[in-house]
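Below: the structure, in structure tokens.
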Amino acid sequence: MTPTPTRFRFPQVKICGLTRPDEAARCAALGADAIGLVFFPKSPRNVSVEQARAVVAALPDRVAAVGVFVDADFGFIMSRVEGCGLSMAQLHGRETPALVDRLTIEGVGVIKGLFIDGQPGLDAADGFAAHGFLVECAKGPLPGGNAMAWDWGAARDFGQHHPLVLAGGLTPENVAAAIAAARPAAIDVSSGVEATPGRKDADKVARLLQAVNKVGYQASASFPPVFRPRGGRCDG
Ligand SMILES: O=C(O)c1ccccc1NCC(=O)[C@H](O)[C@H](O)COP(=O)(O)O
């Protein structure tokens, strides 16, 4: 992938695992760039199509709505994308490059989940024409959302060559250190801003965004923004 100089807030912020419209609207008002909706029945954050549609309806257009899937097929993903008004899909299992290509052709932005210490690992990235790569560790009972911190600096080199979405155990207290260590294009947080699984705590979200904003805005970064506003095709 060829790095393109561009201007945007660095890093972008995705708050994942929303289940309620009022909490999603609050995340947006506080400055989140994207929210995540988990379509995985084993997760305590799993949402129905109806729930997800209501959450997306509460968002301003500038906020990306990302569906999180684990080994789902094209038809299932597209039914959620179209039924709920999602702009992006985050693939958190053993999905193939062909599935990513198919979604991209449909105008769906794709974030591929990779694991620093599991499969698929970082070496799989070059096979995927994804808009971003979420990197976290593989510890914990679920494929994501496990509140597991790791040595985030181990992803720094990866982030020089790929649009890195840093995730795993981030909190308002440690996010500045994590950003300094990994220099990601975006960060993703779920457990660290929750009151209970699936319920976001507005005070924690506010403190997280304050901490990210304090790190500063970088005028130029190596990649285009990972999270794009809803309502347009995602071509690049
Ligand atoms: O959050 C979940 O429940 C989940 C379940 C299955 C696959 C992925 C899932 N979440 C993906 C995310 O993007 C999380 O925000 C990411 O793993 C970080 O989670 P956390 O360490 O809790 O901040």
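Each chain of the structure tokens is named A, B, ... in the order shown, its residues numbered from 1; ligands are numbered from 1 in display order.
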
- prompt: When the cut-off is 6 Å and you count only C-alpha atoms and all ligand atoms, which residues lie near ligand 1, shown as a PyMOL selection string?
  reply: chain A and resi 16-17+40+43+45+92+142-148+167-170+188-192

task: Name the residues in contact with Ile111 (chain A) at a cut-off of 10 Å, using only C-alpha atoms, excluding same-chain residues fewer than 6 positions from it; report them as a list of chain:residue names.
output: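 Using only C-alpha atoms, the neighbours found are A:Val66, A:Gly67, A:Val68, A:Met88, A:Ala89, A:Gln90, A:Leu91, A:His92, A:Val100, A:Phe128, A:Ala129, A:Ala130, A:His131, A:Gly132, A:Phe133, A:Leu134, A:Pro163, A:Leu164, A:Val165, A:Val226, A:Phe227.
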
query: DSSP says alpha helix (DSSP H) for which residues of region 148-178 of chain A? Put them as a PyMOL selection string?
result: chain A and resi 156-161+175-178

Can you write just those residues out, C-alpha atoms, as a CSV table (one decimal), in the first residue's frame?
```csv
chain,number,residue,atom,x,y,z
A,156,ARG,CA,4.6,0.3,15.8
A,157,ASP,CA,6.6,-0.9,12.8
A,158,PHE,CA,3.4,-2.5,11.3
A,159,GLY,CA,1.7,0.9,11.7
A,160,GLN,CA,4.4,2.6,9.6
A,161,HIS,CA,3.4,0.4,6.6
A,175,VAL,CA,-4.5,5.4,26.0
A,176,ALA,CA,-1.9,8.2,25.8
A,177,ALA,CA,0.9,5.8,26.5
A,178,ALA,CA,-0.4,3.3,24.0
```

- request: Considering only C-alpha atoms, return as an MDAnalysis selection string whatever protein or nucleic-acid residues lie within 10 Å of Val81 (chain A), sequence-local ones (same chain, fewer than 3 positions apart) excluded.
  value: chainID A and resid 49 53 65:67 75:78 84:89 103 108

Tell me which protein, DNA and RNA residues are within 12 Å of Ala57 (chain A), counting only C-alpha atoms, leaving out same-chain ones fewer than 6 positions away, and put them as a compact mmCIF listing (two decimals) with N, CA and C atoms, in the first residue's frame.
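Now in result.txt:
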```txt
# COMPACT_ATOMS: atom_id res chain seq x y z
N ARG A 20 -27.08 0.79 22.50
CA ARG A 20 -28.20 1.73 22.73
C ARG A 20 -28.00 3.04 21.98
N PRO A 21 -29.10 3.55 21.35
CA PRO A 21 -29.00 4.79 20.58
C PRO A 21 -28.53 5.99 21.40
N ASP A 22 -29.03 6.13 22.63
CA ASP A 22 -28.65 7.31 23.43
C ASP A 22 -27.14 7.30 23.73
N ALA A 24 -24.82 5.84 21.89
CA ALA A 24 -24.11 6.09 20.62
C ALA A 24 -24.11 7.58 20.31
N ALA A 25 -25.26 8.23 20.50
CA ALA A 25 -25.34 9.68 20.24
C ALA A 25 -24.39 10.43 21.16
N ALA A 28 -20.86 10.11 19.87
CA ALA A 28 -20.69 11.00 18.71
C ALA A 28 -20.52 12.44 19.18
N GLU A 50 -32.66 -4.78 14.45
CA GLU A 50 -33.50 -3.66 14.90
C GLU A 50 -32.72 -2.74 15.86
N GLN A 51 -32.01 -3.35 16.79
CA GLN A 51 -31.20 -2.55 17.72
C GLN A 51 -30.16 -1.74 16.97
N VAL A 63 -20.07 10.25 11.52
CA VAL A 63 -19.59 9.12 12.32
C VAL A 63 -19.80 7.82 11.55
N ALA A 64 -18.73 7.06 11.36
CA ALA A 64 -18.82 5.78 10.67
C ALA A 64 -19.50 4.75 11.57
N ALA A 65 -20.33 3.91 10.96
CA ALA A 65 -20.99 2.81 11.69
C ALA A 65 -20.37 1.51 11.19
N GLY A 83 -29.36 -3.48 5.89
CA GLY A 83 -30.50 -3.38 6.80
C GLY A 83 -30.31 -2.36 7.91
N CYS A 84 -29.05 -2.08 8.26
CA CYS A 84 -28.80 -1.19 9.40
C CYS A 84 -28.14 0.12 8.97
N GLY A 85 -27.74 0.26 7.70
CA GLY A 85 -27.07 1.49 7.26
C GLY A 85 -25.62 1.58 7.71
N LEU A 86 -24.93 0.42 7.75
CA LEU A 86 -23.51 0.43 8.14
C LEU A 86 -22.66 0.96 7.00
N ARG A 230 -20.52 8.31 6.89
CA ARG A 230 -21.49 7.44 6.23
C ARG A 230 -22.14 8.16 5.05
```

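Those residues in region 158-189 of chain A carrying a DSSP assignment of strand (DSSP E), computed from the backbone, are Leu164, Val165, Leu166, Ala167, Ala186, Ile187, Asp188 and Val189 of chain A.
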